[in-house]
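Okay, structure first, notes after.
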Amino acid sequence: MNFSRPKGRDCSEVIFLRKYLLKKILIYVLTFFFAATINWAIPRFMPGNPIHFLIARFATLPESAKVLQSYFTQAFGLDRPLMEQYVNFWRAFFKGDLGISIYLYPQPVLKVILRSLPYTVLLLLPAIIVSFVIGNRFGAFVARKKYLDNIALPIFYTLTAAPYFWFGILLAWLFGVVLKVFPIAGAYSFAMTPSFSWRFVSNYLYHWILPFSSLVLVMLGGWAIGMRNMIIYELEANYSRYMEALGSSQSLIRRYAYRNAILPQVTGLAIQLGTAVAGTLTTEIVFSYPGIGYILMQGILNQDYFLIQGCFLFIIVGVLIANFIVDILYLIIDPRIRKSYTGEI
Amino acid sequence: MEILQVKDLKLYYKTLYGMAKAVDGVSFTVRKGETLGIAGESGCGKTTLGLGLVLRKPPMVWCGGQAFIEDTDLMNLDEKSMRKLRYEKISIIPQYAMDALNPTKKIRQIIQDLLKEHKQRYEEKQELLTERLTLINLNKKILDMYPIELSGGMRQRLVMVISTLLNPKLLISDEITSALDVSTQKTVIQTLYQMKKKGFMDSLIFITHDLSLLYQIADRVMIMYAGKVAEIGEIQDIVDNPLHPYTRALIGSLPRIGVRYHETKLKGIHGYPPNLLKIGPACRFKERCPMAFNKCEENPPIFRVNAQEVACWLYEEGERV
Ligand SMILES: Nc1ncnc2c1ncn2[C@@H]1O[C@H](COP(=O)(O)OP(=O)(O)OP(=O)(O)O)[C@@H](O)[C@H]1O
Ligand SMILES: [Mg+2]
């Protein structure tokens, strides 16, 4: 019998990787296209007229209001047939032009979004990473301590079941209103201007801690429960039994179990990303935190088509990129995926 | 010289409905260098016995008896010494050998880690490992693969090599052939025989429900029935002159030609084994026994008849063990 592999194993793996990535990218591009289209359409089919909001803010006489209305309608291209608006949307998109905000007229949407993007990213990314790491560690730890498990599990369930905004409000009330140790609104004090000075950064962190913790706490429960269940399952698996029968220590067996249990968690990460983003948006609204969620809310309240559209475009792109990263990550950590795609098993 | 001496061993399962007496007062010995076959219907406690010698985890509980390997009682050993003893002195090829390896670790890594747990250096065993892989027809390249890349049969043979890498005094092999087709079964048995001849292990406990396989490899056999020993003896004696009615039924139900014997419910015996949760004082085989008489209301002790040991009142004139 001869079990040698076909020559050029590495080569076939490279070809496979390219094929896999191309396929993934194609899927992501298509997803983006459809999502962007839906995203373009939704505000336009919402009842109400955004120009009215804009004009209301100028609070002028009725006649000039009429002139302004037709001026703005033309300026935003809202008098064109829908199809034309749609084509224009893509044309402008590829030029990096997301339109002018109606609500923050005359600022370009891109500028408004880029200004608030860092606040969201700096809130969301650390929250996801920290909750993922701590939640998994915690779940794995609890899985083998029966006594602790009985206490921790209900807590985890409460945490995941809590809506993001509810937890935000709870923390804001407890630490902001009752204990008065943390501010409950904004990303920095009113008197400040963003800069890289120590004074600003510390002030920023001081404002950041509450929304950040509320996000971490809510997300943590889900990871912990998932990990706990997976670890229990893996520790019962045949390979764990075998290692134990051959005299392996608990620490080695747990290490193996953790390695396998983390795999479905990473898949879960991809699934959870959307929810996490949504959670961040509501949390921002609770804390009046000037990120994407907050301005999106403003956009919706003021029927600002372009701002809403721009915000969602960024969210879609963000989620897709993150999913793509998770896909790649998964490919690296789970040999089974790699092998099954190469057609070796 | 005995390598293993099991005395009145009781291994039960704690269940919601009470204790399932899977192994209930079993005594036997394994001599140095011999192969002891253990046979019996599905559910008679073979796996429980084999695994219980090495590792008892809930719901399996030890409820009495001893098992000496050399002078160490496996049932009363602290976890640390027991851990060292596993693999080095007593090793096992489990019933689920095909998925006994973590699918997401490279095989080399798994072996390295296992060896490290016993303070052995992989580098020192590498040559031995390659040599043994060749014996079981595996290329050493498989060390850089993941277990999922091997076929079930390859994985099984690999586990045979891994389990014996430290040359244990005693190897327990549990139903290593049941998941295989007949021709592969033959190869596996031959390999196991080779491994023993080359000294990969000193003594072997070969668990199966297939008597015809035992004939090919075992020196002595122990027939189990419902958690108890029915009969122990040299394989030739048992085949030529089975004493216990259950053994007779087992041998009688063997097909004349070939080695096909897949049914676990025996053709020649009517009825089912008793429920291990509700065991009365009577002989456990009584309900199915064609020779049952009034004495059988009491559980029989073991009698010695010539070189055989048999747990049946028919042999009361024999010497009690
Ligand atoms: N985890 C468990 N919990 C409760 N009872 C169990 C458990 N495992 C086994 N048993 C019971 O113990 C008895 C013996 O089981 P065991 O697996 O030792 O049988 P076996 O002889 O190896 O059978 P097979 O030939 O099918 O492998 C069975 O009646 C079974 O119902
Ligand atoms: Mg079994």
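By order in the structure tokens, chains are A, B, ...; within a chain, residues start at 1; ligands start at 1, following the order shown.
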
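Those residues of chain B that fall within 6 Å of chain A when using only C-alpha atoms read Leu55, Arg83, Arg86, Tyr87, Ala100, Leu101, Asn102, Glu117 and Glu149 of chain B.
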
Would you put the residues from that selection into a file with N, CA, C and O atoms, as a compact mmCIF listing (two decimals), in the first residue's frame?
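For reference, selection-v9.txt as written:
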# COMPACT_ATOMS: atom_id res chain seq x y z
N LEU B 55 -9.54 3.42 33.59
CA LEU B 55 -10.09 4.74 33.86
C LEU B 55 -11.56 4.61 34.26
O LEU B 55 -12.36 4.09 33.52
N ARG B 83 -2.06 7.91 36.82
CA ARG B 83 -1.83 8.57 35.53
C ARG B 83 -0.52 8.11 34.91
O ARG B 83 -0.42 7.93 33.70
N ARG B 86 -0.93 4.47 33.60
CA ARG B 86 -1.62 4.37 32.32
C ARG B 86 -0.62 4.60 31.20
O ARG B 86 0.27 5.44 31.35
N TYR B 87 -0.80 3.91 30.12
CA TYR B 87 0.05 4.05 28.95
C TYR B 87 1.41 3.38 29.18
O TYR B 87 1.84 2.59 28.37
N ALA B 100 -10.67 8.21 17.99
CA ALA B 100 -9.99 8.43 19.27
C ALA B 100 -8.99 9.57 19.17
O ALA B 100 -8.36 9.92 20.16
N LEU B 101 -8.84 10.15 17.97
CA LEU B 101 -7.84 11.20 17.82
C LEU B 101 -8.51 12.53 17.51
O LEU B 101 -9.45 12.60 16.71
N ASN B 102 -8.01 13.55 18.16
CA ASN B 102 -8.54 14.89 17.93
C ASN B 102 -8.43 15.27 16.45
O ASN B 102 -7.33 15.29 15.91
N GLU B 117 3.49 14.02 28.24
CA GLU B 117 2.78 13.80 29.51
C GLU B 117 3.45 12.69 30.31
O GLU B 117 3.22 12.57 31.51
N GLU B 149 -7.76 13.10 7.66
CA GLU B 149 -7.30 12.81 6.31
C GLU B 149 -7.05 11.32 6.09
O GLU B 149 -6.74 10.90 4.99

>> Set the distance at 9 Å and use only C-alpha atoms: which residues neighbour Pro274 (chain B) once local chain neighbours fewer than 3 positions away are removed? I'd like the list as a list in words.
In response: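 The filter keeps Ala226, Leu277, Lys278, Ile279, Arg284, Phe285 and Glu287 of chain B.
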
Expected file: the selected residues, N, CA and C atoms, as a PDB file, in the first residue's frame:
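Saved file part25.pdb follows:
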ATOM      1  N   ALA B 226     -23.917 -11.345  31.579  1.00  0.00           N
ATOM      2  CA  ALA B 226     -24.613 -10.385  32.444  1.00  0.00           C
ATOM      3  C   ALA B 226     -23.762  -9.942  33.634  1.00  0.00           C
ATOM      4  N   LEU B 277     -30.280  -3.858  36.254  1.00  0.00           N
ATOM      5  CA  LEU B 277     -30.747  -3.059  37.388  1.00  0.00           C
ATOM      6  C   LEU B 277     -31.489  -3.914  38.408  1.00  0.00           C
ATOM      7  N   LYS B 278     -32.102  -5.005  37.894  1.00  0.00           N
ATOM      8  CA  LYS B 278     -32.907  -5.844  38.796  1.00  0.00           C
ATOM      9  C   LYS B 278     -32.370  -7.257  38.757  1.00  0.00           C
ATOM     10  N   ILE B 279     -31.333  -7.464  39.516  1.00  0.00           N
ATOM     11  CA  ILE B 279     -30.765  -8.797  39.507  1.00  0.00           C
ATOM     12  C   ILE B 279     -31.110  -9.494  40.807  1.00  0.00           C
ATOM     13  N   ARG B 284     -27.910 -15.996  36.841  1.00  0.00           N
ATOM     14  CA  ARG B 284     -28.389 -15.025  35.859  1.00  0.00           C
ATOM     15  C   ARG B 284     -28.803 -15.648  34.535  1.00  0.00           C
ATOM     16  N   PHE B 285     -28.306 -16.851  34.302  1.00  0.00           N
ATOM     17  CA  PHE B 285     -28.616 -17.492  33.032  1.00  0.00           C
ATOM     18  C   PHE B 285     -29.842 -18.396  33.142  1.00  0.00           C
ATOM     19  N   GLU B 287     -33.078 -18.237  33.389  1.00  0.00           N
ATOM     20  CA  GLU B 287     -34.257 -18.072  32.541  1.00  0.00           C
ATOM     21  C   GLU B 287     -34.060 -18.620  31.126  1.00  0.00           C
TER      22      GLU B 287
END

>> Residues of region 46-261 of chain B classed as alpha helix (DSSP H) by DSSP on the backbone are to be reported as number ranges by chain.
In response: B: 46-54, 79-88, 107-116, 122-135, 152-163, 182-197, 211-217, 235-240, 245-252

>> Show me which residues are within 9 Å of ligand 1 counting only C-alpha atoms and all ligand atoms, and format the list as JSON, numbers by chain.
In response: {"B": [12, 13, 14, 15, 16, 19, 20, 21, 22, 23, 39, 40, 41, 42, 43, 44, 45, 46, 47, 48, 49, 50, 51, 58, 59, 60, 95, 174, 175, 207, 208, 209, 224, 225, 226, 227, 264, 275, 276, 277]}

> So which one's closest to ligand 2, B:Ile38, B:Asn294, B:Lys80, B:Trp62? Using only C-alpha atoms and all ligand atoms, please.
Replying inline: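 Result for the nearest residue to ligand 2: B:Ile38.
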
> Can you tell me how far CA of Lys7 (chain B) sits from CA of Tyr193 (chain B), in Å to one decimal?
Replying inline: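 Result for CA of Lys7 (chain B) versus CA of Tyr193 (chain B): 27.6 Å, one decimal.
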
>> From the options B:Thr187, B:Thr164, B:Thr35, B:Thr134, which residue's atoms come nearest to Lys89 (chain B), counting only C-alpha atoms?
In response: B:Thr164

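Distance annotation: of B:Ile93, B:Val159, B:Leu204, B:Cys63, the residue with the minimal separation from ligand 2 is B:Ile93; atom set is only C-alpha atoms and all ligand atoms.
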
> Which of these, B:Ala249, B:Ile176, B:Leu214, B:Ile3, has the shortest distance to ligand 2 once you count only C-alpha atoms and all ligand atoms?
Replying inline: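 Closest to ligand 2, using only C-alpha atoms and all ligand atoms: B:Ile176.
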
> Quick one: residues within 10 Å of Lys186 (chain B), only C-alpha atoms counted, chain neighbours fewer than 5 positions away excluded, as a list in words?
Replying inline: Thr177, Leu180, Asp181, Thr191, Leu192, Leu213 and Gln216 of chain B
